[in-house]
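Q: You'll find input23.txt just under this line, and it carries compact mmCIF, N, CA and C atoms and all ligand atoms.
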# COMPACT_ATOMS: atom_id res chain seq x y z
N MET A 1 7.36 7.26 14.39
CA MET A 1 8.04 6.88 13.15
C MET A 1 8.14 5.35 13.11
N ARG A 2 7.83 4.80 11.97
CA ARG A 2 7.87 3.35 11.88
C ARG A 2 9.31 2.88 11.66
N SER A 3 9.54 1.67 12.08
CA SER A 3 10.87 1.09 11.93
C SER A 3 11.07 0.66 10.48
N PRO A 4 12.29 0.78 9.96
CA PRO A 4 12.52 0.36 8.58
C PRO A 4 12.40 -1.15 8.40
N LEU A 5 12.63 -1.92 9.45
CA LEU A 5 12.51 -3.37 9.35
C LEU A 5 11.39 -3.85 10.25
N ARG A 6 10.58 -4.72 9.76
CA ARG A 6 9.45 -5.24 10.52
C ARG A 6 9.93 -6.31 11.49
N GLY A 7 9.26 -6.36 12.64
CA GLY A 7 9.56 -7.42 13.58
C GLY A 7 9.02 -8.73 13.03
N ALA A 8 9.54 -9.84 13.55
CA ALA A 8 9.14 -11.16 13.04
C ALA A 8 7.64 -11.40 13.22
N THR A 9 7.10 -10.98 14.38
CA THR A 9 5.67 -11.18 14.64
C THR A 9 4.82 -10.37 13.67
N GLU A 10 5.18 -9.09 13.50
CA GLU A 10 4.43 -8.23 12.60
C GLU A 10 4.50 -8.77 11.17
N SER A 11 5.66 -9.22 10.76
CA SER A 11 5.84 -9.74 9.41
C SER A 11 5.02 -11.02 9.22
N ALA A 12 5.03 -11.90 10.22
CA ALA A 12 4.27 -13.15 10.11
C ALA A 12 2.78 -12.86 10.05
N GLU A 13 2.31 -11.88 10.83
CA GLU A 13 0.89 -11.51 10.79
C GLU A 13 0.52 -10.93 9.43
N GLN A 14 1.40 -10.11 8.90
CA GLN A 14 1.17 -9.50 7.59
C GLN A 14 1.08 -10.59 6.52
N CYS A 15 2.01 -11.54 6.56
CA CYS A 15 2.02 -12.62 5.57
C CYS A 15 0.77 -13.49 5.71
N SER A 16 0.39 -13.78 6.94
CA SER A 16 -0.79 -14.61 7.18
C SER A 16 -2.04 -13.94 6.61
N ALA A 17 -2.18 -12.64 6.84
CA ALA A 17 -3.35 -11.90 6.33
C ALA A 17 -3.38 -11.93 4.81
N VAL A 18 -2.22 -11.74 4.19
CA VAL A 18 -2.17 -11.74 2.73
C VAL A 18 -2.43 -13.16 2.20
N ASN A 19 -1.91 -14.16 2.87
CA ASN A 19 -2.16 -15.54 2.43
C ASN A 19 -3.65 -15.87 2.48
N ASP A 20 -4.34 -15.37 3.51
CA ASP A 20 -5.79 -15.58 3.59
C ASP A 20 -6.48 -14.95 2.38
N LEU A 21 -6.03 -13.74 2.01
CA LEU A 21 -6.61 -13.07 0.84
C LEU A 21 -6.32 -13.84 -0.45
N LEU A 22 -5.10 -14.37 -0.55
CA LEU A 22 -4.74 -15.14 -1.75
C LEU A 22 -5.63 -16.37 -1.89
N VAL A 23 -5.88 -17.04 -0.77
CA VAL A 23 -6.75 -18.23 -0.80
C VAL A 23 -8.17 -17.82 -1.18
N ALA A 24 -8.66 -16.75 -0.56
CA ALA A 24 -10.04 -16.30 -0.81
C ALA A 24 -10.23 -15.85 -2.26
N ALA A 25 -9.16 -15.33 -2.86
CA ALA A 25 -9.27 -14.83 -4.23
C ALA A 25 -8.99 -15.92 -5.26
N THR A 26 -8.73 -17.14 -4.78
CA THR A 26 -8.42 -18.30 -5.66
C THR A 26 -7.47 -17.91 -6.78
N ILE A 27 -6.33 -17.42 -6.35
CA ILE A 27 -5.29 -16.98 -7.29
C ILE A 27 -4.72 -18.17 -8.06
N ARG A 28 -4.63 -17.99 -9.38
CA ARG A 28 -3.92 -18.94 -10.23
C ARG A 28 -3.09 -18.13 -11.21
N PRO A 29 -1.93 -17.66 -10.78
CA PRO A 29 -1.15 -16.78 -11.65
C PRO A 29 -0.60 -17.48 -12.89
N TRP A 30 -0.61 -16.76 -13.98
CA TRP A 30 0.10 -17.20 -15.16
C TRP A 30 0.51 -16.00 -15.99
N VAL A 31 1.52 -16.25 -16.83
CA VAL A 31 2.08 -15.18 -17.64
C VAL A 31 1.38 -15.19 -19.00
N THR A 32 1.04 -14.01 -19.49
CA THR A 32 0.33 -13.91 -20.76
C THR A 32 0.92 -12.80 -21.62
N THR A 33 0.68 -12.89 -22.93
CA THR A 33 1.15 -11.87 -23.88
C THR A 33 -0.01 -11.42 -24.76
N HIS A 34 -1.25 -11.46 -24.20
CA HIS A 34 -2.43 -11.14 -25.02
C HIS A 34 -2.34 -9.74 -25.62
N ASP A 35 -3.02 -9.56 -26.73
CA ASP A 35 -3.14 -8.26 -27.42
C ASP A 35 -1.78 -7.64 -27.76
N GLY A 36 -0.78 -8.47 -28.00
CA GLY A 36 0.53 -7.95 -28.39
C GLY A 36 1.30 -7.29 -27.27
N LEU A 37 0.86 -7.46 -26.01
CA LEU A 37 1.54 -6.85 -24.87
C LEU A 37 2.78 -7.64 -24.48
N GLN A 38 3.69 -6.99 -23.77
CA GLN A 38 4.85 -7.68 -23.22
C GLN A 38 4.34 -8.71 -22.21
N PRO A 39 5.14 -9.77 -21.95
CA PRO A 39 4.70 -10.75 -20.95
C PRO A 39 4.36 -10.08 -19.63
N HIS A 40 3.21 -10.40 -19.10
CA HIS A 40 2.79 -9.88 -17.80
C HIS A 40 1.93 -10.90 -17.09
N LEU A 41 1.71 -10.64 -15.80
CA LEU A 41 1.05 -11.61 -14.94
C LEU A 41 -0.45 -11.35 -14.85
N HIS A 42 -1.22 -12.41 -14.96
CA HIS A 42 -2.64 -12.35 -14.66
C HIS A 42 -2.90 -13.24 -13.45
N PHE A 43 -3.93 -12.92 -12.67
CA PHE A 43 -4.19 -13.69 -11.46
C PHE A 43 -5.44 -14.54 -11.54
N VAL A 44 -6.30 -14.25 -12.50
CA VAL A 44 -7.51 -15.06 -12.73
C VAL A 44 -7.70 -15.16 -14.24
N PRO A 45 -8.49 -16.11 -14.69
CA PRO A 45 -8.75 -16.21 -16.14
C PRO A 45 -9.41 -14.93 -16.66
N ASP A 46 -9.16 -14.60 -17.92
CA ASP A 46 -9.75 -13.40 -18.52
C ASP A 46 -11.27 -13.44 -18.50
N SER A 47 -11.83 -14.63 -18.42
CA SER A 47 -13.28 -14.77 -18.43
C SER A 47 -13.91 -14.49 -17.06
N ALA A 48 -13.08 -14.29 -16.03
CA ALA A 48 -13.61 -14.06 -14.67
C ALA A 48 -14.38 -12.74 -14.61
N ASP A 49 -15.36 -12.67 -13.71
CA ASP A 49 -16.13 -11.44 -13.54
C ASP A 49 -15.28 -10.35 -12.88
N VAL A 50 -15.77 -9.13 -12.93
CA VAL A 50 -15.00 -7.97 -12.46
C VAL A 50 -14.65 -8.11 -10.97
N LEU A 51 -15.60 -8.53 -10.14
CA LEU A 51 -15.33 -8.65 -8.71
C LEU A 51 -14.20 -9.65 -8.45
N SER A 52 -14.24 -10.78 -9.14
CA SER A 52 -13.18 -11.79 -8.97
C SER A 52 -11.83 -11.24 -9.40
N ARG A 53 -11.83 -10.47 -10.47
CA ARG A 53 -10.57 -9.90 -10.96
C ARG A 53 -10.02 -8.89 -9.97
N VAL A 54 -10.87 -8.05 -9.44
CA VAL A 54 -10.42 -7.03 -8.47
C VAL A 54 -9.87 -7.71 -7.22
N LYS A 55 -10.59 -8.72 -6.72
CA LYS A 55 -10.11 -9.44 -5.53
C LYS A 55 -8.75 -10.09 -5.79
N ALA A 56 -8.61 -10.70 -6.95
CA ALA A 56 -7.36 -11.40 -7.28
C ALA A 56 -6.20 -10.43 -7.46
N VAL A 57 -6.45 -9.33 -8.16
CA VAL A 57 -5.38 -8.34 -8.39
C VAL A 57 -4.97 -7.69 -7.06
N THR A 58 -5.96 -7.42 -6.18
CA THR A 58 -5.65 -6.84 -4.88
C THR A 58 -4.80 -7.79 -4.04
N ALA A 59 -5.24 -9.04 -3.96
CA ALA A 59 -4.48 -10.02 -3.17
C ALA A 59 -3.08 -10.24 -3.76
N GLY A 60 -3.01 -10.37 -5.08
CA GLY A 60 -1.72 -10.57 -5.74
C GLY A 60 -0.80 -9.37 -5.56
N GLY A 61 -1.35 -8.16 -5.67
CA GLY A 61 -0.56 -6.96 -5.49
C GLY A 61 -0.03 -6.83 -4.07
N LEU A 62 -0.89 -7.14 -3.09
CA LEU A 62 -0.46 -7.09 -1.69
C LEU A 62 0.65 -8.11 -1.41
N ALA A 63 0.55 -9.27 -2.08
CA ALA A 63 1.59 -10.30 -1.91
C ALA A 63 2.94 -9.76 -2.38
N PHE A 64 2.95 -9.07 -3.51
CA PHE A 64 4.20 -8.47 -3.98
C PHE A 64 4.71 -7.45 -2.98
N VAL A 65 3.82 -6.61 -2.47
CA VAL A 65 4.23 -5.52 -1.57
C VAL A 65 4.82 -6.06 -0.27
N VAL A 66 4.21 -7.10 0.31
CA VAL A 66 4.75 -7.61 1.58
C VAL A 66 6.06 -8.38 1.37
N CYS A 67 6.34 -8.76 0.12
CA CYS A 67 7.62 -9.43 -0.17
C CYS A 67 8.70 -8.44 -0.58
N TRP A 68 8.35 -7.17 -0.64
CA TRP A 68 9.28 -6.12 -1.08
C TRP A 68 9.78 -5.38 0.15
N GLU A 69 11.07 -5.42 0.38
CA GLU A 69 11.73 -4.76 1.52
C GLU A 69 11.08 -5.14 2.84
N GLY A 70 10.82 -6.40 3.00
CA GLY A 70 10.31 -6.91 4.27
C GLY A 70 8.92 -6.40 4.62
N GLY A 71 8.17 -5.93 3.63
CA GLY A 71 6.81 -5.45 3.90
C GLY A 71 6.77 -4.05 4.47
N ALA A 72 7.95 -3.42 4.62
CA ALA A 72 7.99 -2.09 5.24
C ALA A 72 7.41 -1.01 4.34
N ARG A 73 7.16 -1.32 3.08
CA ARG A 73 6.63 -0.32 2.16
C ARG A 73 5.10 -0.24 2.21
N LEU A 74 4.49 -1.13 2.95
CA LEU A 74 3.04 -1.06 3.14
C LEU A 74 2.79 -0.31 4.44
N GLY A 75 2.15 0.85 4.36
CA GLY A 75 1.98 1.67 5.55
C GLY A 75 0.55 2.13 5.75
N ARG A 76 0.34 2.72 6.92
CA ARG A 76 -0.95 3.32 7.23
C ARG A 76 -0.70 4.79 7.56
N CYS A 77 -1.53 5.66 7.01
CA CYS A 77 -1.36 7.10 7.17
C CYS A 77 -1.30 7.49 8.65
N LEU A 78 -0.34 8.34 9.00
CA LEU A 78 -0.17 8.74 10.40
C LEU A 78 -1.12 9.84 10.85
N ARG A 79 -1.84 10.46 9.91
CA ARG A 79 -2.80 11.50 10.30
C ARG A 79 -3.94 10.82 11.05
N ALA A 80 -4.23 11.32 12.25
CA ALA A 80 -5.19 10.66 13.13
C ALA A 80 -6.56 10.52 12.48
N ALA A 81 -6.97 11.52 11.70
CA ALA A 81 -8.31 11.50 11.10
C ALA A 81 -8.36 10.68 9.81
N CYS A 82 -7.27 10.06 9.44
CA CYS A 82 -7.21 9.30 8.18
C CYS A 82 -6.80 7.86 8.50
N SER A 83 -7.42 6.92 7.86
CA SER A 83 -7.06 5.52 8.13
C SER A 83 -6.63 4.80 6.85
N ARG A 84 -6.26 5.57 5.84
CA ARG A 84 -5.89 4.95 4.56
C ARG A 84 -4.56 4.19 4.66
N ALA A 85 -4.51 3.10 3.93
CA ALA A 85 -3.26 2.37 3.75
C ALA A 85 -2.64 2.86 2.45
N TYR A 86 -1.34 2.72 2.34
CA TYR A 86 -0.65 3.14 1.12
C TYR A 86 0.56 2.27 0.88
N VAL A 87 1.03 2.28 -0.35
CA VAL A 87 2.29 1.62 -0.71
C VAL A 87 3.30 2.73 -0.92
N ASP A 88 4.38 2.66 -0.17
CA ASP A 88 5.43 3.68 -0.23
C ASP A 88 6.37 3.37 -1.39
N THR A 89 6.21 4.13 -2.48
CA THR A 89 7.07 3.93 -3.64
C THR A 89 8.17 4.99 -3.71
N SER A 90 8.34 5.72 -2.60
CA SER A 90 9.37 6.76 -2.59
C SER A 90 10.76 6.13 -2.65
N ARG A 91 11.72 6.92 -3.09
CA ARG A 91 13.09 6.41 -3.22
C ARG A 91 13.65 5.96 -1.87
N ASN A 92 13.43 6.77 -0.82
CA ASN A 92 14.04 6.46 0.47
C ASN A 92 13.15 5.62 1.39
N GLY A 93 11.91 5.37 1.01
CA GLY A 93 11.04 4.52 1.82
C GLY A 93 10.67 5.13 3.16
N ARG A 94 10.55 6.46 3.23
CA ARG A 94 10.25 7.10 4.51
C ARG A 94 8.90 7.82 4.51
N ARG A 95 8.05 7.42 3.63
CA ARG A 95 6.75 8.06 3.56
C ARG A 95 5.94 7.74 4.82
N ARG A 96 5.18 8.74 5.33
CA ARG A 96 4.40 8.52 6.55
C ARG A 96 2.92 8.85 6.37
N TYR A 97 2.58 9.48 5.27
CA TYR A 97 1.19 9.87 5.02
C TYR A 97 0.74 9.33 3.68
N CYS A 98 -0.58 9.11 3.57
CA CYS A 98 -1.11 8.53 2.33
C CYS A 98 -0.95 9.48 1.15
N THR A 99 -1.07 10.78 1.41
CA THR A 99 -0.95 11.78 0.35
C THR A 99 -0.22 13.00 0.90
N ALA A 100 0.26 13.84 0.01
CA ALA A 100 0.88 15.11 0.43
C ALA A 100 -0.15 15.94 1.19
N ARG A 101 -1.40 15.84 0.80
CA ARG A 101 -2.45 16.61 1.47
C ARG A 101 -2.52 16.26 2.96
N CYS A 102 -2.51 14.96 3.30
CA CYS A 102 -2.53 14.56 4.71
C CYS A 102 -1.27 15.05 5.42
N GLY A 103 -0.12 14.94 4.78
CA GLY A 103 1.12 15.40 5.38
C GLY A 103 1.09 16.90 5.64
N ASN A 104 0.56 17.67 4.68
CA ASN A 104 0.48 19.12 4.84
C ASN A 104 -0.50 19.50 5.94
N THR A 105 -1.62 18.79 6.02
CA THR A 105 -2.61 19.06 7.06
C THR A 105 -1.98 18.86 8.44
N GLU A 106 -1.23 17.77 8.60
CA GLU A 106 -0.56 17.51 9.88
C GLU A 106 0.49 18.57 10.18
N ALA A 107 1.22 19.00 9.17
CA ALA A 107 2.25 20.03 9.38
C ALA A 107 1.61 21.32 9.87
N VAL A 108 0.46 21.69 9.29
CA VAL A 108 -0.24 22.90 9.71
C VAL A 108 -0.69 22.76 11.16
N LEU A 109 -1.25 21.59 11.51
CA LEU A 109 -1.71 21.36 12.88
C LEU A 109 -0.55 21.44 13.87
N ARG A 110 0.60 20.85 13.50
CA ARG A 110 1.78 20.92 14.38
C ARG A 110 2.23 22.36 14.55
N HIS A 111 2.25 23.10 13.45
CA HIS A 111 2.66 24.50 13.51
C HIS A 111 1.73 25.30 14.42
N ARG A 112 0.43 25.10 14.27
CA ARG A 112 -0.55 25.85 15.07
C ARG A 112 -0.44 25.47 16.55
N SER A 113 -0.12 24.22 16.84
CA SER A 113 -0.01 23.82 18.25
C SER A 113 1.24 24.42 18.89
N ARG A 114 2.27 24.68 18.07
CA ARG A 114 3.49 25.30 18.60
C ARG A 114 3.36 26.81 18.72
N HIS A 115 2.45 27.38 17.95
CA HIS A 115 2.28 28.83 17.95
C HIS A 115 0.81 29.20 18.18
N PRO A 116 0.27 28.86 19.35
CA PRO A 116 -1.14 29.13 19.61
C PRO A 116 -1.41 30.64 19.56
N GLY A 117 -2.51 31.01 18.93
CA GLY A 117 -2.87 32.41 18.85
C GLY A 117 -2.09 33.17 17.80
N GLY A 118 -1.21 32.50 17.10
CA GLY A 118 -0.41 33.15 16.07
C GLY A 118 -1.20 33.33 14.79
N LYS A 119 -0.51 33.87 13.80
CA LYS A 119 -1.13 34.09 12.50
C LYS A 119 -1.56 32.77 11.89
N ARG A 120 -2.75 32.72 11.32
CA ARG A 120 -3.23 31.49 10.70
C ARG A 120 -2.94 31.52 9.25
ZN ZN A 201 -3.31 -8.52 -19.29
ZN ZN A 202 -4.05 10.13 4.98
Any chance you could put this one into structure tokens?
A:
Amino acid sequence: MRSPLRGATESAEQCSAVNDLLVAATIRPWVTTHDGLQPHLHFVPDSADVLSRVKAVTAGGLAFVVCWEGGARLGRCLRAACSRAYVDTSRNGRRRYCTARCGNTEAVLRHRSRHPGGKR
């Protein structure tokens, strides 16, 4: 089970990795109201190509996540066969798997290991 608060070293490493992404994505945030939308943030000019936009939005989004609750909401799925990262948007912040499917798969495996030879 992961700790609700990140250690200083882990947090610094997380911030450093995200800062590298922000630099690589050449983020220049600004607020816009284009197309009659409410004010919202853009990370690259609208004229930027799709790859640049994806890189910028990914880096910018990760920056928000690591600044939210000490970065504890950014997790990696605990299922051994899965390596997906996820953002925990649950109310209590105790999510441990990327999807309910991974969580259910692990629950079945735990059950079978406790009841070998039992009903499948
Ligand atoms: Zn927009
Ligand atoms: Zn998973």
Q: Within 7 Å of ligand ZN 201 (chain A), counting all atoms listed in the file: which residues, as a compact mmCIF listing (two decimals) with N, CA and C atoms, in the coordinates of the input?
A:
# COMPACT_ATOMS: atom_id res chain seq x y z
N THR A 32 1.04 -14.01 -19.49
CA THR A 32 0.33 -13.91 -20.76
C THR A 32 0.92 -12.80 -21.62
N THR A 33 0.68 -12.89 -22.93
CA THR A 33 1.15 -11.87 -23.88
C THR A 33 -0.01 -11.42 -24.76
N HIS A 34 -1.25 -11.46 -24.20
CA HIS A 34 -2.43 -11.14 -25.02
C HIS A 34 -2.34 -9.74 -25.62
N HIS A 40 3.21 -10.40 -19.10
CA HIS A 40 2.79 -9.88 -17.80
C HIS A 40 1.93 -10.90 -17.09
N LEU A 41 1.71 -10.64 -15.80
CA LEU A 41 1.05 -11.61 -14.94
C LEU A 41 -0.45 -11.35 -14.85
N HIS A 42 -1.22 -12.41 -14.96
CA HIS A 42 -2.64 -12.35 -14.66
C HIS A 42 -2.90 -13.24 -13.45
Q: Show me which residues line ligand ZN 202 (chain A), defined as having an atom within 6 Å of a ligand atom where all atoms listed in the file count, and present them as number ranges by chain.
A: A: 77-79, 82-84, 97-99, 102
Q: Provide the atom CA of A:Ser16 to atom CA of A:Val66 distance in Å, to one decimal place.
A: 10.5 Å
Q: For a quick check of understanding, using only N, CA and C atoms, which of A:Val44, A:Val31, A:Cys15, A:Ala8 has the smallest distance to A:Ala63?
A: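 For A:Ala63, the nearest of the given residues is A:Cys15.
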Q: Please indicate the distance in Å from atom N of A:Ala80 to atom C of A:Arg95, rounded to one decimal place.
A: 13.1 Å
Q: Could you find all residues in chain A that DSSP calls strand (DSSP E or B) from the backbone, and write them as a PyMOL selection string?
A: chain A and resi 30-32+40-42+74-76+85-87
Q: For the residues in the current selection, export N, CA and C atoms as an mmCIF file, keeping the file's coordinate frame.
A:
data_model
loop_
_atom_site.group_PDB
_atom_site.id
_atom_site.type_symbol
_atom_site.label_atom_id
_atom_site.label_comp_id
_atom_site.auth_asym_id
_atom_site.auth_seq_id
_atom_site.Cartn_x
_atom_site.Cartn_y
_atom_site.Cartn_z
ATOM 1 N N TRP A 30 -0.610 -16.760 -13.980
ATOM 2 C CA TRP A 30 0.100 -17.200 -15.160
ATOM 3 C C TRP A 30 0.510 -16.000 -15.990
ATOM 4 N N VAL A 31 1.520 -16.250 -16.830
ATOM 5 C CA VAL A 31 2.080 -15.180 -17.640
ATOM 6 C C VAL A 31 1.380 -15.190 -19.000
ATOM 7 N N THR A 32 1.040 -14.010 -19.490
ATOM 8 C CA THR A 32 0.330 -13.910 -20.760
ATOM 9 C C THR A 32 0.920 -12.800 -21.620
ATOM 10 N N HIS A 40 3.210 -10.400 -19.100
ATOM 11 C CA HIS A 40 2.790 -9.880 -17.800
ATOM 12 C C HIS A 40 1.930 -10.900 -17.090
ATOM 13 N N LEU A 41 1.710 -10.640 -15.800
ATOM 14 C CA LEU A 41 1.050 -11.610 -14.940
ATOM 15 C C LEU A 41 -0.450 -11.350 -14.850
ATOM 16 N N HIS A 42 -1.220 -12.410 -14.960
ATOM 17 C CA HIS A 42 -2.640 -12.350 -14.660
ATOM 18 C C HIS A 42 -2.900 -13.240 -13.450
ATOM 19 N N LEU A 74 4.490 -1.130 2.950
ATOM 20 C CA LEU A 74 3.040 -1.060 3.140
ATOM 21 C C LEU A 74 2.790 -0.310 4.440
ATOM 22 N N GLY A 75 2.150 0.850 4.360
ATOM 23 C CA GLY A 75 1.980 1.670 5.550
ATOM 24 C C GLY A 75 0.550 2.130 5.750
ATOM 25 N N ARG A 76 0.340 2.720 6.920
ATOM 26 C CA ARG A 76 -0.950 3.320 7.230
ATOM 27 C C ARG A 76 -0.700 4.790 7.560
ATOM 28 N N ALA A 85 -4.510 3.100 3.930
ATOM 29 C CA ALA A 85 -3.260 2.370 3.750
ATOM 30 C C ALA A 85 -2.640 2.860 2.450
ATOM 31 N N TYR A 86 -1.340 2.720 2.340
ATOM 32 C CA TYR A 86 -0.650 3.140 1.120
ATOM 33 C C TYR A 86 0.560 2.270 0.880
ATOM 34 N N VAL A 87 1.030 2.280 -0.350
ATOM 35 C CA VAL A 87 2.290 1.620 -0.710
ATOM 36 C C VAL A 87 3.300 2.730 -0.920
#
Q: Quick one: residues within 7 Å of A:Val18, all atoms listed in the file counted, chain neighbours fewer than 4 positions away excluded, as an MDAnalysis selection string?
A: chainID A and resid 13:14 22:23 59 62:63
Q: Store the residues of this selection in a file with N, CA and C atoms, as a PDB file, keeping the file's coordinate frame.
A:
ATOM      1  N   GLU A  13       2.310 -11.880  10.830  1.00  0.00           N
ATOM      2  CA  GLU A  13       0.890 -11.510  10.790  1.00  0.00           C
ATOM      3  C   GLU A  13       0.520 -10.930   9.430  1.00  0.00           C
ATOM      4  N   GLN A  14       1.400 -10.110   8.900  1.00  0.00           N
ATOM      5  CA  GLN A  14       1.170  -9.500   7.590  1.00  0.00           C
ATOM      6  C   GLN A  14       1.080 -10.590   6.520  1.00  0.00           C
ATOM      7  N   LEU A  22      -5.100 -14.370  -0.550  1.00  0.00           N
ATOM      8  CA  LEU A  22      -4.740 -15.140  -1.750  1.00  0.00           C
ATOM      9  C   LEU A  22      -5.630 -16.370  -1.890  1.00  0.00           C
ATOM     10  N   VAL A  23      -5.880 -17.040  -0.770  1.00  0.00           N
ATOM     11  CA  VAL A  23      -6.750 -18.230  -0.800  1.00  0.00           C
ATOM     12  C   VAL A  23      -8.170 -17.820  -1.180  1.00  0.00           C
ATOM     13  N   ALA A  59      -5.240  -9.040  -3.960  1.00  0.00           N
ATOM     14  CA  ALA A  59      -4.480 -10.020  -3.170  1.00  0.00           C
ATOM     15  C   ALA A  59      -3.080 -10.240  -3.760  1.00  0.00           C
ATOM     16  N   LEU A  62      -0.890  -7.140  -3.090  1.00  0.00           N
ATOM     17  CA  LEU A  62      -0.460  -7.090  -1.690  1.00  0.00           C
ATOM     18  C   LEU A  62       0.650  -8.110  -1.410  1.00  0.00           C
ATOM     19  N   ALA A  63       0.550  -9.270  -2.080  1.00  0.00           N
ATOM     20  CA  ALA A  63       1.590 -10.300  -1.910  1.00  0.00           C
ATOM     21  C   ALA A  63       2.940  -9.760  -2.380  1.00  0.00           C
TER      22      ALA A  63
END
Q: Around the point (-4.3, -15.7, -10.5), in the coordinates given by the file, pick out the residues reaching within 7 Å, counting all atoms listed in the file, and return them as a ChimeraX atom specification.
A: /A:26-30,42-45,56
Q: Using atom CA of A:Val54 and atom CA of A:Arg96 as the two end points, give the distance in Å to one decimal.
A: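 Computing the Euclidean distance for atom CA of A:Val54 and atom CA of A:Arg96 yields 26.2 Å.
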